[in-house]
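**Student:** entry-v3.cif is reproduced in full below (mmCIF, C-alpha atoms).
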```
data_work
#
loop_
_atom_site.label_atom_id
_atom_site.label_comp_id
_atom_site.auth_asym_id
_atom_site.auth_seq_id
_atom_site.Cartn_x
_atom_site.Cartn_y
_atom_site.Cartn_z
CA MET A 1 -15.34 9.72 4.44
CA LYS A 2 -16.09 12.49 1.96
CA ILE A 3 -15.22 12.15 -1.71
CA PHE A 4 -14.71 15.00 -4.19
CA GLU A 5 -13.79 15.28 -7.84
CA ILE A 6 -11.05 17.76 -8.59
CA ASN A 7 -11.77 19.42 -11.92
CA ASP A 8 -9.96 21.92 -14.13
CA GLU A 9 -12.64 24.34 -15.33
CA GLU A 10 -10.52 25.99 -18.00
CA ASN A 11 -9.38 22.78 -19.69
CA ARG A 12 -12.55 20.80 -18.85
CA LEU A 13 -10.40 18.10 -17.33
CA ASN A 14 -10.88 15.76 -14.38
CA VAL A 15 -7.66 16.16 -12.43
CA GLY A 16 -8.27 13.67 -9.67
CA THR A 17 -10.12 12.70 -6.52
CA LEU A 18 -9.88 14.20 -3.05
CA LEU A 19 -10.58 11.85 -0.14
CA TYR A 20 -11.28 13.34 3.28
CA TYR A 21 -11.30 11.11 6.35
CA GLU A 22 -13.39 12.97 8.90
CA LYS A 23 -12.37 11.09 12.04
CA GLU A 24 -8.64 11.48 11.39
CA LYS A 25 -9.04 14.86 9.62
CA ALA A 26 -6.72 13.54 6.93
CA PHE A 27 -6.64 14.25 3.19
CA ILE A 28 -5.46 11.97 0.37
CA ILE A 29 -5.45 13.01 -3.28
CA GLU A 30 -5.54 10.46 -6.09
CA LEU A 31 -4.59 12.05 -9.42
CA SER A 32 -6.28 10.86 -12.61
CA GLU A 33 -4.59 8.53 -15.07
CA GLY A 34 -3.00 10.24 -18.05
CA LEU A 35 -1.95 13.45 -16.30
CA ASP A 36 1.43 14.86 -17.26
CA GLU A 37 3.59 17.67 -15.92
CA TRP A 38 1.58 20.20 -17.96
CA THR A 39 -1.92 19.15 -16.89
CA ALA A 40 -1.18 18.26 -13.26
CA PRO A 41 -1.56 20.86 -10.49
CA LEU A 42 1.71 22.76 -10.08
CA LEU A 43 2.25 21.45 -6.54
CA PHE A 44 2.25 17.86 -7.82
CA THR A 45 4.31 18.27 -11.00
CA LYS A 46 7.41 16.59 -9.58
CA ARG A 47 5.38 13.63 -8.32
CA VAL A 48 3.65 13.14 -11.67
CA LYS A 49 6.98 13.25 -13.53
CA GLU A 50 8.14 10.44 -11.24
CA GLY A 51 4.97 8.44 -11.99
CA GLN A 52 3.45 8.91 -8.52
CA LEU A 53 -0.28 9.63 -8.82
CA THR A 54 -1.18 8.88 -5.20
CA ILE A 55 -0.32 12.01 -3.24
CA PRO A 56 0.75 11.51 0.41
CA ARG A 57 -1.26 13.05 3.22
CA ASP A 58 1.19 15.87 4.03
CA LEU A 59 1.33 17.13 0.44
CA SER A 60 -2.44 16.65 0.01
CA TYR A 61 -2.96 18.74 3.13
CA THR A 62 -0.64 21.42 1.75
CA TRP A 63 -2.81 21.61 -1.40
CA VAL A 64 -5.92 22.09 0.75
CA LYS A 65 -4.29 24.75 2.94
CA GLU A 66 -3.29 26.74 -0.13
CA ARG A 67 -6.97 26.99 -1.08
CA VAL A 68 -8.53 28.10 2.21
CA ILE A 69 -8.27 31.13 4.46
CA PRO A 70 -5.31 30.69 6.84
CA SER A 71 -6.11 30.16 10.49
CA GLY A 72 -3.87 33.04 11.48
CA ARG A 73 -5.74 35.65 9.46
CA GLN A 74 -6.48 38.76 11.53
CA ASN A 75 -10.27 38.71 11.09
CA ILE A 76 -10.67 34.91 11.09
CA GLY A 77 -13.17 35.07 13.96
CA SER A 78 -15.54 37.28 11.97
CA ILE A 79 -15.19 35.07 8.91
CA LEU A 80 -16.09 31.95 10.88
CA THR A 81 -19.07 33.71 12.45
CA THR A 82 -20.30 34.87 9.03
CA HIS A 83 -20.25 31.28 7.77
CA ARG A 84 -21.73 29.94 11.02
CA LEU A 85 -18.67 27.88 11.85
CA LYS A 86 -17.95 27.20 15.51
CA GLU A 87 -14.28 26.53 14.86
CA TYR A 88 -11.66 26.65 12.14
CA ASP A 89 -12.17 23.67 9.81
CA GLU A 90 -10.20 23.38 6.55
CA MET A 91 -12.64 20.94 4.98
CA LYS A 92 -15.71 23.10 5.64
CA LEU A 93 -13.94 26.18 4.35
CA LEU A 94 -12.80 24.25 1.28
CA GLU A 95 -16.39 23.17 0.59
CA LEU A 96 -17.72 26.69 1.03
CA ALA A 97 -15.28 27.95 -1.60
CA GLU A 98 -15.77 24.85 -3.81
CA GLY A 99 -12.01 24.46 -3.59
CA ARG A 100 -11.45 27.45 -5.84
CA CYS A 101 -8.25 29.49 -5.74
CA SER A 102 -7.18 32.65 -7.58
CA GLN A 103 -3.99 30.93 -8.80
CA ASP A 104 -5.67 28.33 -11.05
CA TYR A 105 -8.98 27.08 -12.43
CA LEU A 106 -9.43 24.05 -10.21
CA TYR A 107 -12.57 23.35 -8.19
CA ILE A 108 -14.03 20.43 -6.27
CA LYS A 109 -17.38 18.67 -6.62
CA LYS A 110 -18.75 16.20 -4.11
CA ILE A 111 -19.47 12.68 -5.42
CA ASP A 112 -21.02 9.60 -3.82
CA ALA A 113 -18.51 6.88 -4.67
CA GLN A 114 -14.81 6.48 -5.36
CA PRO A 115 -13.86 6.21 -9.05
CA GLU A 116 -12.75 2.83 -10.35
CA TYR A 117 -9.12 3.92 -10.78
CA VAL A 118 -8.98 4.84 -7.08
CA LEU A 119 -10.42 1.47 -6.01
CA LYS A 120 -7.92 -0.29 -8.27
CA ARG A 121 -4.98 1.52 -6.67
CA GLN A 122 -6.27 0.80 -3.18
CA LYS A 123 -5.68 -2.89 -3.81
CA LYS A 124 -2.05 -2.07 -3.05
CA ASN A 125 -3.00 -0.38 0.21
CA LEU A 126 -2.22 -2.06 3.51
CA VAL A 127 -4.60 -4.06 5.68
CA ASP A 128 -2.13 -4.64 8.51
CA VAL A 129 1.55 -4.37 9.47
CA THR A 130 3.79 -5.73 12.17
CA VAL A 131 7.31 -4.75 13.22
CA LEU A 132 9.98 -7.45 12.88
CA GLU A 133 13.52 -7.72 14.14
CA ASN A 134 16.40 -6.14 12.20
CA SER A 135 14.33 -3.01 11.46
CA SER A 136 12.00 -4.73 9.01
CA ILE A 137 8.24 -4.43 8.55
CA LEU A 138 5.93 -7.29 7.59
CA CYS A 139 3.21 -5.82 5.38
CA PHE A 140 -0.15 -7.35 4.50
CA PHE A 141 -1.75 -5.78 1.42
CA ALA A 142 -5.32 -5.59 0.19
CA ASP A 143 -4.38 -7.55 -2.94
CA GLY A 144 -3.57 -10.55 -0.70
CA SER A 145 0.19 -10.25 -0.99
CA VAL A 146 2.52 -10.26 2.00
CA ARG A 147 5.89 -8.50 1.80
CA LYS A 148 8.85 -8.10 4.12
CA VAL A 149 10.37 -4.64 3.88
CA PRO A 150 13.78 -3.82 5.38
CA LEU A 151 13.65 -0.12 6.25
CA GLU A 152 17.16 0.18 4.82
CA SER A 153 15.51 -0.19 1.40
CA VAL A 154 13.43 3.00 1.75
CA LYS A 155 16.23 5.49 2.27
CA GLU A 156 14.34 8.05 0.17
CA ILE A 157 12.07 8.60 3.17
CA GLU A 158 13.31 11.55 5.20
CA LYS A 159 14.36 10.68 8.77
CA ILE A 160 14.09 6.93 8.13
CA ASP A 161 17.54 6.54 9.74
CA ASN A 162 16.04 7.91 12.96
CA VAL A 163 13.46 5.12 12.87
CA ILE A 164 16.07 2.44 12.23
CA LYS A 165 18.28 3.62 15.11
CA ASN A 166 15.47 4.17 17.62
CA ARG A 167 13.64 0.97 18.61
CA PRO A 168 10.82 2.72 20.54
CA LEU A 169 10.19 4.93 17.51
CA LEU A 170 10.21 1.85 15.26
CA GLU A 171 7.69 0.10 17.50
CA SER A 172 5.36 3.10 17.33
CA CYS A 173 4.55 1.94 13.77
CA THR A 174 0.83 2.11 13.04
CA LEU A 175 -1.38 1.83 9.99
CA GLY A 176 -2.42 5.10 8.32
CA VAL A 177 -5.90 6.02 7.07
CA ASP A 178 -7.40 3.42 4.73
CA GLY A 179 -4.03 1.65 4.63
CA TYR A 180 -2.47 4.38 2.50
CA TYR A 181 0.69 4.48 4.58
CA ILE A 182 2.38 3.42 7.79
CA THR A 183 3.46 6.07 10.24
CA PHE A 184 5.97 6.24 13.07
CA ASN A 185 4.91 8.47 15.96
CA ASN A 186 2.36 9.92 13.52
CA SER A 187 5.12 12.03 12.01
CA ILE A 188 7.25 9.89 9.68
CA ASP A 189 5.19 8.24 6.93
CA ILE A 190 6.00 5.57 4.35
CA PRO A 191 3.42 5.22 1.55
CA ALA A 192 1.89 1.81 0.92
CA TRP A 193 2.83 1.82 -2.77
CA LEU A 194 6.52 2.23 -1.85
CA LEU A 195 6.37 -0.63 0.66
CA HIS A 196 4.67 -2.77 -1.99
CA LYS A 197 7.39 -1.89 -4.49
CA LYS A 198 10.39 -2.37 -2.19
CA GLY A 199 9.15 -5.38 -0.24
CA LYS A 200 10.20 -8.98 -0.81
CA SER A 201 7.25 -11.31 -1.35
CA VAL A 202 6.60 -13.78 1.47
CA PRO A 203 4.57 -16.98 0.79
CA LEU A 204 2.10 -16.25 3.57
CA GLU A 205 -1.54 -15.20 3.69
CA TYR A 206 -2.97 -12.79 6.25
CA GLU A 207 -5.43 -15.44 7.46
CA ASP A 208 -2.49 -17.79 8.09
CA PHE A 209 -0.80 -15.13 10.19
CA LEU A 210 -3.98 -14.60 12.23
CA SER A 211 -4.33 -18.34 12.70
CA PHE A 212 -0.77 -18.50 14.01
CA ALA A 213 -1.50 -15.72 16.52
CA LYS A 214 -4.77 -17.32 17.58
CA ASN A 215 -3.35 -20.79 18.05
CA SER A 216 0.18 -20.03 19.22
CA ILE A 217 -0.15 -17.20 21.76
CA VAL A 218 -1.58 -17.59 25.27
CA ASP A 219 -2.15 -15.11 28.08
CA THR A 220 -1.12 -15.33 31.74
CA THR A 221 -4.35 -17.00 32.88
CA THR A 222 -4.19 -19.72 30.23
CA SER A 223 -0.48 -20.24 30.92
CA CYS A 224 -1.21 -20.80 34.64
CA GLU A 225 -3.95 -23.28 33.77
CA MET A 226 -1.68 -25.21 31.42
CA LEU A 227 1.11 -25.38 34.01
CA GLU A 228 -1.29 -25.82 36.92
CA CYS A 229 0.51 -23.09 38.84
CA SER A 230 -0.19 -19.65 40.32
CA ARG A 231 0.67 -16.26 38.81
CA GLN A 232 3.43 -15.98 41.39
CA ASN A 233 4.95 -19.25 40.18
CA LEU A 234 4.75 -18.07 36.60
CA SER A 235 6.45 -14.78 37.51
CA TYR A 236 9.19 -16.75 39.26
CA LEU A 237 9.85 -18.75 36.08
CA VAL A 238 10.16 -15.48 34.15
CA SER A 239 12.46 -13.89 36.76
CA GLN A 240 14.73 -16.96 36.65
CA GLY A 241 15.01 -16.77 32.87
CA GLN A 242 13.26 -20.10 32.40
CA LEU A 243 10.39 -18.49 30.49
CA ALA A 244 10.39 -15.36 28.34
CA PRO A 245 7.13 -13.44 27.77
CA LEU A 246 6.38 -12.51 24.19
CA LYS A 247 4.84 -9.24 25.39
CA GLU A 248 4.77 -7.82 28.91
CA ASN A 249 1.86 -5.93 30.45
CA VAL A 250 0.97 -4.81 33.97
CA LYS A 251 -2.24 -6.83 33.77
CA GLY A 252 -0.59 -9.95 32.40
CA ASN A 253 1.81 -11.16 29.77
CA LEU A 254 1.54 -12.99 26.47
CA TYR A 255 3.56 -16.15 25.83
CA LEU A 256 4.22 -18.45 22.94
CA LYS A 257 2.18 -21.58 23.54
CA LYS A 258 5.14 -23.78 22.58
CA ASP A 259 7.21 -22.23 25.39
CA ILE A 260 4.50 -22.97 27.95
CA GLU A 261 4.16 -26.53 26.68
CA ARG A 262 7.94 -26.93 26.92
CA MET A 263 7.76 -26.04 30.62
CA ARG A 264 5.42 -29.00 31.14
CA TRP A 265 7.89 -31.55 29.82
#
```
Take the structure I supplied and represent it as structure tokens, if you would.
**Tutor:**
Amino acid sequence: MKIFEINDEENRLNVGTLLYYEKEKAFIIELSEGLDEWTAPLLFTKRVKEGQLTIPRDLSYTWVKERVIPSGRQNIGSILTTHRLKEYDEMKLLELAEGRCSQDYLYIKKIDAQPEYVLKRQKKNLVDVTVLENSSILCFFADGSVRKVPLESVKEIEKIDNVIKNRPLLESCTLGVDGYYITFNNSIDIPAWLLHKKGKSVPLEYEDFLSFAKNSIVDTTTSCEMLECSRQNLSYLVSQGQLAPLKENVKGNLYLKKDIERMRW
């Protein structure tokens, strides 16, 4: 990860921090505390007025794109050759220009560590998520809290109805970079801070959840050993509706241990 200060040269003001995740090629901007609609970058004015200082990846990326040469420029090949770049790379171009743009006085400066205010906010980032029934998400946060979030409660997210109505899309839910958001099909994002705000606290710790998974879920091989039967026998039990796999896979299924133990009675 690369870390940059965003500074306003004219007003001698630290505007925020730009985080760049090289593997994912994703940008996240954390605006400084105390910014208002007059001192914040124009692109983020609406967010700041609403009290949102963590800028989502799509809007952060838009800010970066506004400050670099567009990939469709006619002489882009010559420009890349001049700067010894093998391919178009927004981050490298942003660094070469120090993030400067003719429309304002902002520039970036590389730093070695994340500021304290960024680390403090990241305590409300996610460490893991899992999809539940009834279109809800169980969220585990870095601050140790666990919250259940019905997706009906985040209607402000565009296309969230599509997620609710489409189970395969819902189950595509994955954790975003550094736990800043969850994403469905890598196209519909919900920020961690919003999930933290809208979620209902659950008296459960992440370690407890992992312990449950470790001690309560068994694979096909272990299930056959417990029942002293073959894979064919186990498949027969499933086909007859006597046993339901928790998760199916061509190489084997996962079962709740209690269901396997029940079959022994």
**Student:** Measuring between all atoms listed in the file, which one of A:Gly176, A:Pro245, A:Gly252, A:Gly34 shows the shortest distance to Tyr117 of chain A?
**Tutor:**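 Using all atoms listed in the file, the shortest distance to Tyr117 of chain A belongs to A:Gly34.
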**Student:** Rank nothing, just name the residue among A:Val64, A:Val48, A:Cys173, A:Leu210 nearest to Leu93 of chain A, using all atoms listed in the file.
**Tutor:**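 Selected residue with least distance to Leu93 of chain A: A:Val64.
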**Student:** Counting only C-alpha atoms, which of A:Gly179, A:Pro203, A:Pro168, A:Pro41 gets nearest to Arg121 of chain A?
**Tutor:** A:Gly179
**Student:** For the structure shown, which residues end up in the PyMOL selection byres ((chain A and resi 27) around 12)? Put them as a VMD selection string, please?
**Tutor:** chain A and resid 1 to 4 17 to 26 28 to 30 54 to 65 90 to 91 94 176 to 178 180
**Student:** If the PyMOL selection byres ((chain A and resi 175) around 12) were run on this exact file, what residues would it hold? Put them as a PDB file with C-alpha atoms, keeping the file's coordinate frame.
**Tutor:**
```
ATOM      1  CA  ASN A 125      -3.000  -0.380   0.210  1.00  0.00           C
ATOM      2  CA  LEU A 126      -2.220  -2.060   3.510  1.00  0.00           C
ATOM      3  CA  VAL A 127      -4.600  -4.060   5.680  1.00  0.00           C
ATOM      4  CA  ASP A 128      -2.130  -4.640   8.510  1.00  0.00           C
ATOM      5  CA  VAL A 129       1.550  -4.370   9.470  1.00  0.00           C
ATOM      6  CA  THR A 130       3.790  -5.730  12.170  1.00  0.00           C
ATOM      7  CA  VAL A 131       7.310  -4.750  13.220  1.00  0.00           C
ATOM      8  CA  ILE A 137       8.240  -4.430   8.550  1.00  0.00           C
ATOM      9  CA  LEU A 138       5.930  -7.290   7.590  1.00  0.00           C
ATOM     10  CA  CYS A 139       3.210  -5.820   5.380  1.00  0.00           C
ATOM     11  CA  PHE A 140      -0.150  -7.350   4.500  1.00  0.00           C
ATOM     12  CA  PHE A 141      -1.750  -5.780   1.420  1.00  0.00           C
ATOM     13  CA  GLU A 171       7.690   0.100  17.500  1.00  0.00           C
ATOM     14  CA  SER A 172       5.360   3.100  17.330  1.00  0.00           C
ATOM     15  CA  CYS A 173       4.550   1.940  13.770  1.00  0.00           C
ATOM     16  CA  THR A 174       0.830   2.110  13.040  1.00  0.00           C
ATOM     17  CA  GLY A 176      -2.420   5.100   8.320  1.00  0.00           C
ATOM     18  CA  VAL A 177      -5.900   6.020   7.070  1.00  0.00           C
ATOM     19  CA  ASP A 178      -7.400   3.420   4.730  1.00  0.00           C
ATOM     20  CA  GLY A 179      -4.030   1.650   4.630  1.00  0.00           C
ATOM     21  CA  TYR A 180      -2.470   4.380   2.500  1.00  0.00           C
ATOM     22  CA  TYR A 181       0.690   4.480   4.580  1.00  0.00           C
ATOM     23  CA  ILE A 182       2.380   3.420   7.790  1.00  0.00           C
ATOM     24  CA  THR A 183       3.460   6.070  10.240  1.00  0.00           C
ATOM     25  CA  PHE A 184       5.970   6.240  13.070  1.00  0.00           C
ATOM     26  CA  ASN A 185       4.910   8.470  15.960  1.00  0.00           C
ATOM     27  CA  ASN A 186       2.360   9.920  13.520  1.00  0.00           C
ATOM     28  CA  ILE A 188       7.250   9.890   9.680  1.00  0.00           C
ATOM     29  CA  ASP A 189       5.190   8.240   6.930  1.00  0.00           C
ATOM     30  CA  ILE A 190       6.000   5.570   4.350  1.00  0.00           C
ATOM     31  CA  PRO A 191       3.420   5.220   1.550  1.00  0.00           C
ATOM     32  CA  ALA A 192       1.890   1.810   0.920  1.00  0.00           C
TER      33      ALA A 192
END
```
**Student:** Given the PyMOL selection byres ((chain A and resi 205) around 10) and the file above, list the residues it selects as a list in words.
**Tutor:** Phe140, Phe141, Gly144, Ser145, Val146, Val202, Pro203, Leu204, Tyr206, Glu207, Asp208, Phe209, Leu210 and Ser211 of chain A
**Student:** Which one of A:Glu10, A:Asp219, A:Asp112, A:Glu87 sits closest to Thr39 of chain A if you count all atoms listed in the file?
**Tutor:**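 Answer, going by the shortest atom-to-atom distance: A:Glu10.
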**Student:** I want to know what sits within 9 Å of Pro150 of chain A, based on only C-alpha atoms, with residues of the same chain fewer than 5 positions away left out; could you give that as a list in words?
**Tutor:**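 Listing them by chain and then by number gives Asn134, Ser135, Ser136, Ile137, Leu138, Lys198, Gly199 and Lys200 of chain A.
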**Student:** Around all of segment 2-7 of chain A's listed atoms, make the axis-aligned box with 4 Å on each side and tell me centre and edge lengths in Å to one decimal, as lines of an AutoDock Vina configuration file.
**Tutor:**
```
center_x = -13.6
center_y = 15.8
center_z = -5.0
size_x = 13.0
size_y = 15.3
size_z = 21.9
```
**Student:** Name all residues at most 10 Å from Gly77 of chain A (count only C-alpha atoms; drop same-chain ones fewer than 5 positions away) and give them as a list in words.
**Tutor:**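 Here the qualifying residues turn out to be Ser71, Gly72, Thr82, Leu85, Lys86, Glu87 and Tyr88 of chain A.
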**Student:** So, counting all atoms listed in the file, which residue among A:His196, A:Thr222, A:Glu5, A:Ile160 is closest to Ile111 of chain A?
**Tutor:**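 Ranked by minimum distance to Ile111 of chain A, first place goes to A:Glu5.
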**Student:** Could you please determine the separation between atom CA of Glu133 of chain A and atom CA of Ser187 of chain A in Å, to one decimal place?
**Tutor:**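 Interatomic distance, atom CA of Glu133 of chain A to atom CA of Ser187 of chain A: 21.6 Å.
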**Student:** For atom CA of Trp38 of chain A and atom CA of Pro115 of chain A, determine how far apart the two atoms are, in Å to one decimal place.
**Tutor:**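 Computing the Euclidean distance for atom CA of Trp38 of chain A and atom CA of Pro115 of chain A yields 22.7 Å.
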**Student:** Between A:Glu156, A:Asp36, A:Glu98, A:Asp89, which is the closest to Gln52 of chain A once you count all atoms listed in the file?
**Tutor:**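 Nearest to Gln52 of chain A: A:Asp36.
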**Student:** Calculate how many Å separate atom CA of Ile164 of chain A from atom CA of Ser216 of chain A, rounding to one decimal.
**Tutor:**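 Rounded to one decimal, the two atoms are 28.4 Å apart.
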**Student:** Contacts of segment 228-239 of chain A at 10 Å or less, counting all atoms listed in the file, minus same-chain residues fewer than 3 places along, as JSON, numbers by chain?
**Tutor:** {"A": [220, 221, 222, 223, 224, 225, 242, 243, 244, 245, 252, 253, 260, 263, 264]}
